[in-house]
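*Asks:* One structure, pasted below without further comment.
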Amino acid sequence: MKELFLGKILSKFSLLVLFLVVGLIYLVDLSNANELGSRENPLRMMFVPSGDSQVILKGGEEIAWRLEKATGLHFKTSVATNYAAVIEAMGAGKVDIGWLATFSYVLAHEKYGVELILIVIRFDSPFYRGQIMAGADTGINNLADFKDKTFAFVDPASTSGHLYPKSLLLSKGFDPKVFFKRAVFVGSHNAVVLSILKGEVDGGASYDDARATVAKNFPEVFGKVKIISYTQNIPNDVVAVRKNLNPTLKQKISEGLKYLAKTPEGSKVLKKVYGISGLADLDAFFDPVREAGKLLGLDLGH
């Protein structure tokens, strides 16, 4: 009788322990599920629409997938409607990782404390330059010839497609506000080149050499769109994270991306998305951009 009674007690105790263990496992799983970077709570990664948005979106998804394999973290990707949208989303804490154009990073850093983790390398260099182009049949051969012509910039926060070309024009005594007959923002470097090619504008600004990105579909672009002038060297675009992101996550993301850039598959997708050949740690390269911002009288803090 004692053995039976003791057996029942032990059985109930074992059942209680089992419930406690299962409950603990459930709570641990729930805690892990809520951790940033988990499948249920992925890191949010946003790209600027500097080229074909569909190409960037597809490539971004592949970057996220390969980064997940390398780090064990989970990511949700998107492409912004414009450059400013990425800055504001990071400032509001709605985006954790941003692939930012150079001046976009400077603005995001000054305004919201966004932190650089990697700078893009292209052709073994952390620098590139902008270019000013014109239609081959417009009669434009130098910057002065753009007087009373129509002109396309990329985006207000584009370094090579707005900031540096405008600074170049100002340095030569040509104020874009009164110099051009009409100046417009068309959203991407591809769009600038195509606007010139189709005769919608007389000239425009982009990175060097954005014509190559549309040459596959429009091989005549090199003969119909010519380069008039180049800007000074510009620090390349960056990968940045929002303020106060967990340092461990920052380290994992940085190391994962650098690893990705060294693999054949990862290198291929990075080149497809933004023409990237490598990623490196840096930051003082952005002083010239800040100086260009001051030249234009831009308030970096607001």
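Residues in the structure tokens are numbered from 1 in each chain, the chains being A, B, ... in the order shown, and ligands are numbered from 1 in the order shown.
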Apply DSSP to the structure's backbone, then extract all residues of stretch 19-235 of chain A labelled strand (DSSP E or B) and return them as a ChimeraX atom specification.
*Replies:* /A:43-47,75-79,97-100,115-122,125,127-135,150-153,182-185,203-207,225-235
*Asks:* Would you save the residues of that selection, restricted to C-alpha atoms, as an mmCIF file, in the first residue's frame?
*Replies:*
data_model
loop_
_atom_site.group_PDB
_atom_site.id
_atom_site.type_symbol
_atom_site.label_atom_id
_atom_site.label_comp_id
_atom_site.auth_asym_id
_atom_site.auth_seq_id
_atom_site.Cartn_x
_atom_site.Cartn_y
_atom_site.Cartn_z
ATOM 1 C CA LEU A 43 16.770 42.707 -38.710
ATOM 2 C CA ARG A 44 15.315 45.235 -41.150
ATOM 3 C CA MET A 45 17.655 46.112 -44.020
ATOM 4 C CA MET A 46 16.886 48.861 -46.561
ATOM 5 C CA PHE A 47 18.586 49.811 -49.826
ATOM 6 C CA PHE A 75 16.801 39.740 -42.230
ATOM 7 C CA LYS A 76 13.886 41.487 -43.912
ATOM 8 C CA THR A 77 14.833 43.598 -46.934
ATOM 9 C CA SER A 78 13.242 46.482 -48.812
ATOM 10 C CA VAL A 79 14.117 49.206 -51.313
ATOM 11 C CA ILE A 97 20.732 48.432 -41.540
ATOM 12 C CA GLY A 98 20.908 50.912 -44.394
ATOM 13 C CA TRP A 99 22.880 50.754 -47.629
ATOM 14 C CA LEU A 100 23.407 54.484 -47.977
ATOM 15 C CA GLU A 115 26.847 54.549 -37.482
ATOM 16 C CA LEU A 116 29.033 53.455 -40.383
ATOM 17 C CA ILE A 117 30.198 49.848 -40.261
ATOM 18 C CA LEU A 118 31.597 49.318 -43.776
ATOM 19 C CA ILE A 119 32.543 51.371 -46.819
ATOM 20 C CA VAL A 120 32.136 50.040 -50.343
ATOM 21 C CA ILE A 121 35.205 49.251 -52.450
ATOM 22 C CA ARG A 122 35.065 49.448 -56.241
ATOM 23 C CA SER A 125 39.375 52.005 -54.311
ATOM 24 C CA PHE A 127 36.629 56.528 -53.835
ATOM 25 C CA TYR A 128 34.719 57.276 -57.018
ATOM 26 C CA ARG A 129 33.672 60.446 -58.833
ATOM 27 C CA GLY A 130 30.627 62.039 -60.367
ATOM 28 C CA GLN A 131 30.212 63.095 -63.950
ATOM 29 C CA ILE A 132 28.209 65.689 -65.878
ATOM 30 C CA MET A 133 26.891 64.463 -69.232
ATOM 31 C CA ALA A 134 25.123 65.903 -72.259
ATOM 32 C CA GLY A 135 23.397 64.640 -75.364
ATOM 33 C CA THR A 150 17.505 71.484 -69.211
ATOM 34 C CA PHE A 151 19.273 69.266 -66.680
ATOM 35 C CA ALA A 152 18.562 66.117 -64.625
ATOM 36 C CA PHE A 153 19.884 65.343 -61.147
ATOM 37 C CA ARG A 182 14.941 73.783 -65.931
ATOM 38 C CA ALA A 183 16.473 71.292 -63.492
ATOM 39 C CA VAL A 184 14.677 68.166 -62.262
ATOM 40 C CA PHE A 185 15.261 65.176 -59.988
ATOM 41 C CA GLY A 203 22.259 67.005 -69.740
ATOM 42 C CA GLY A 204 22.517 65.454 -66.316
ATOM 43 C CA ALA A 205 24.670 64.226 -63.459
ATOM 44 C CA SER A 206 25.503 60.719 -62.290
ATOM 45 C CA TYR A 207 28.327 58.561 -61.016
ATOM 46 C CA VAL A 225 25.526 60.569 -74.351
ATOM 47 C CA LYS A 226 28.917 62.195 -73.822
ATOM 48 C CA ILE A 227 30.819 63.184 -70.677
ATOM 49 C CA ILE A 228 31.479 66.908 -70.259
ATOM 50 C CA SER A 229 33.210 67.061 -66.868
ATOM 51 C CA TYR A 230 34.113 65.061 -63.751
ATOM 52 C CA THR A 231 33.826 65.969 -60.086
ATOM 53 C CA GLN A 232 36.477 65.570 -57.400
ATOM 54 C CA ASN A 233 36.924 62.163 -55.806
ATOM 55 C CA ILE A 234 34.069 61.108 -53.503
ATOM 56 C CA PRO A 235 34.133 58.525 -50.690
#
*Asks:* Would you pick out the contacts of A:Lys172 at 12 Å or less, using only C-alpha atoms, so that residues sharing its chain but fewer than 6 positions from it are not included, and give the list as a CSV table (one decimal) with N, CA and C atoms, in the first residue's frame?
*Replies:*
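Wrote out-v1.csv, looks like this:
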chain,number,residue,atom,x,y,z
A,142,ASN,N,31.1,72.1,-73.0
A,142,ASN,CA,31.7,72.5,-71.7
A,142,ASN,C,30.6,73.0,-70.8
A,143,LEU,N,31.0,73.2,-69.5
A,143,LEU,CA,30.0,73.6,-68.5
A,143,LEU,C,29.3,74.9,-68.9
A,144,ALA,N,29.9,75.8,-69.4
A,144,ALA,CA,29.3,77.1,-69.8
A,144,ALA,C,28.2,76.9,-70.8
A,165,PRO,N,28.2,67.4,-58.3
A,165,PRO,CA,28.1,68.2,-59.5
A,165,PRO,C,27.6,69.6,-59.3
A,166,LYS,N,26.7,69.8,-58.4
A,166,LYS,CA,26.2,71.1,-58.1
A,166,LYS,C,27.3,72.0,-57.5
A,179,PHE,N,21.0,79.2,-63.5
A,179,PHE,CA,21.8,78.9,-64.7
A,179,PHE,C,21.1,78.0,-65.7
A,229,SER,N,32.3,66.7,-68.0
A,229,SER,CA,33.2,67.1,-66.9
A,229,SER,C,33.1,66.0,-65.7
A,231,THR,N,33.7,65.3,-61.4
A,231,THR,CA,33.8,66.0,-60.1
A,231,THR,C,35.1,65.5,-59.4
*Asks:* From the set A:His109, A:Lys272, A:His162, A:Arg211, which residue has the shortest atom-to-atom contact distance to A:Val55, counting only C-alpha atoms?
*Replies:*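 Closest candidate: A:Lys272.
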*Asks:* Which residue out of A:Lys111, A:Lys258, A:Lys216, A:Lys198 has the minimum interatomic distance to A:Leu67 when only C-alpha atoms are used?
*Replies:*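 Nearest candidate to A:Leu67 out of A:Lys111, A:Lys258, A:Lys216, A:Lys198: A:Lys258.
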*Asks:* Going by DSSP on the backbone, which residues of stretch 190-255 of chain A come out as helix (DSSP H, G or I)? List them as number ranges by chain.
*Replies:* A: 190-197, 211-214, 221-224, 247-255
*Asks:* Would you mind exporting C-alpha atoms of the selected residues as a PDB file, in the first residue's frame?
*Replies:*
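Generated output (again.pdb):
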ATOM      1  CA  ASN A 190      19.855  55.040 -64.730  1.00  0.00           C
ATOM      2  CA  ALA A 191      16.975  57.487 -65.108  1.00  0.00           C
ATOM      3  CA  VAL A 192      19.377  60.410 -65.627  1.00  0.00           C
ATOM      4  CA  VAL A 193      21.227  58.598 -68.414  1.00  0.00           C
ATOM      5  CA  LEU A 194      17.986  57.514 -70.087  1.00  0.00           C
ATOM      6  CA  SER A 195      16.500  61.010 -69.825  1.00  0.00           C
ATOM      7  CA  ILE A 196      19.483  62.375 -71.770  1.00  0.00           C
ATOM      8  CA  LEU A 197      19.443  59.492 -74.252  1.00  0.00           C
ATOM      9  CA  ARG A 211      26.144  54.782 -68.961  1.00  0.00           C
ATOM     10  CA  ALA A 212      27.440  51.227 -68.616  1.00  0.00           C
ATOM     11  CA  THR A 213      24.435  50.216 -66.505  1.00  0.00           C
ATOM     12  CA  VAL A 214      21.985  50.891 -69.348  1.00  0.00           C
ATOM     13  CA  VAL A 221      24.281  55.179 -75.218  1.00  0.00           C
ATOM     14  CA  PHE A 222      28.062  55.654 -75.449  1.00  0.00           C
ATOM     15  CA  GLY A 223      27.718  57.399 -78.800  1.00  0.00           C
ATOM     16  CA  LYS A 224      24.673  59.495 -77.918  1.00  0.00           C
ATOM     17  CA  PRO A 247      27.237  45.945 -30.560  1.00  0.00           C
ATOM     18  CA  THR A 248      27.242  42.151 -30.907  1.00  0.00           C
ATOM     19  CA  LEU A 249      24.775  42.394 -33.793  1.00  0.00           C
ATOM     20  CA  LYS A 250      26.851  45.147 -35.417  1.00  0.00           C
ATOM     21  CA  GLN A 251      29.949  42.967 -35.224  1.00  0.00           C
ATOM     22  CA  LYS A 252      28.137  39.931 -36.653  1.00  0.00           C
ATOM     23  CA  ILE A 253      26.682  41.947 -39.528  1.00  0.00           C
ATOM     24  CA  SER A 254      30.034  43.546 -40.345  1.00  0.00           C
ATOM     25  CA  GLU A 255      31.963  40.274 -40.255  1.00  0.00           C
TER      26      GLU A 255
END
*Asks:* Can you work out which one of A:Leu107, A:Ile276, A:Ala292, A:Val186 has the shortest atom-to-atom distance to A:Met90, counting only C-alpha atoms?
*Replies:* A:Leu107
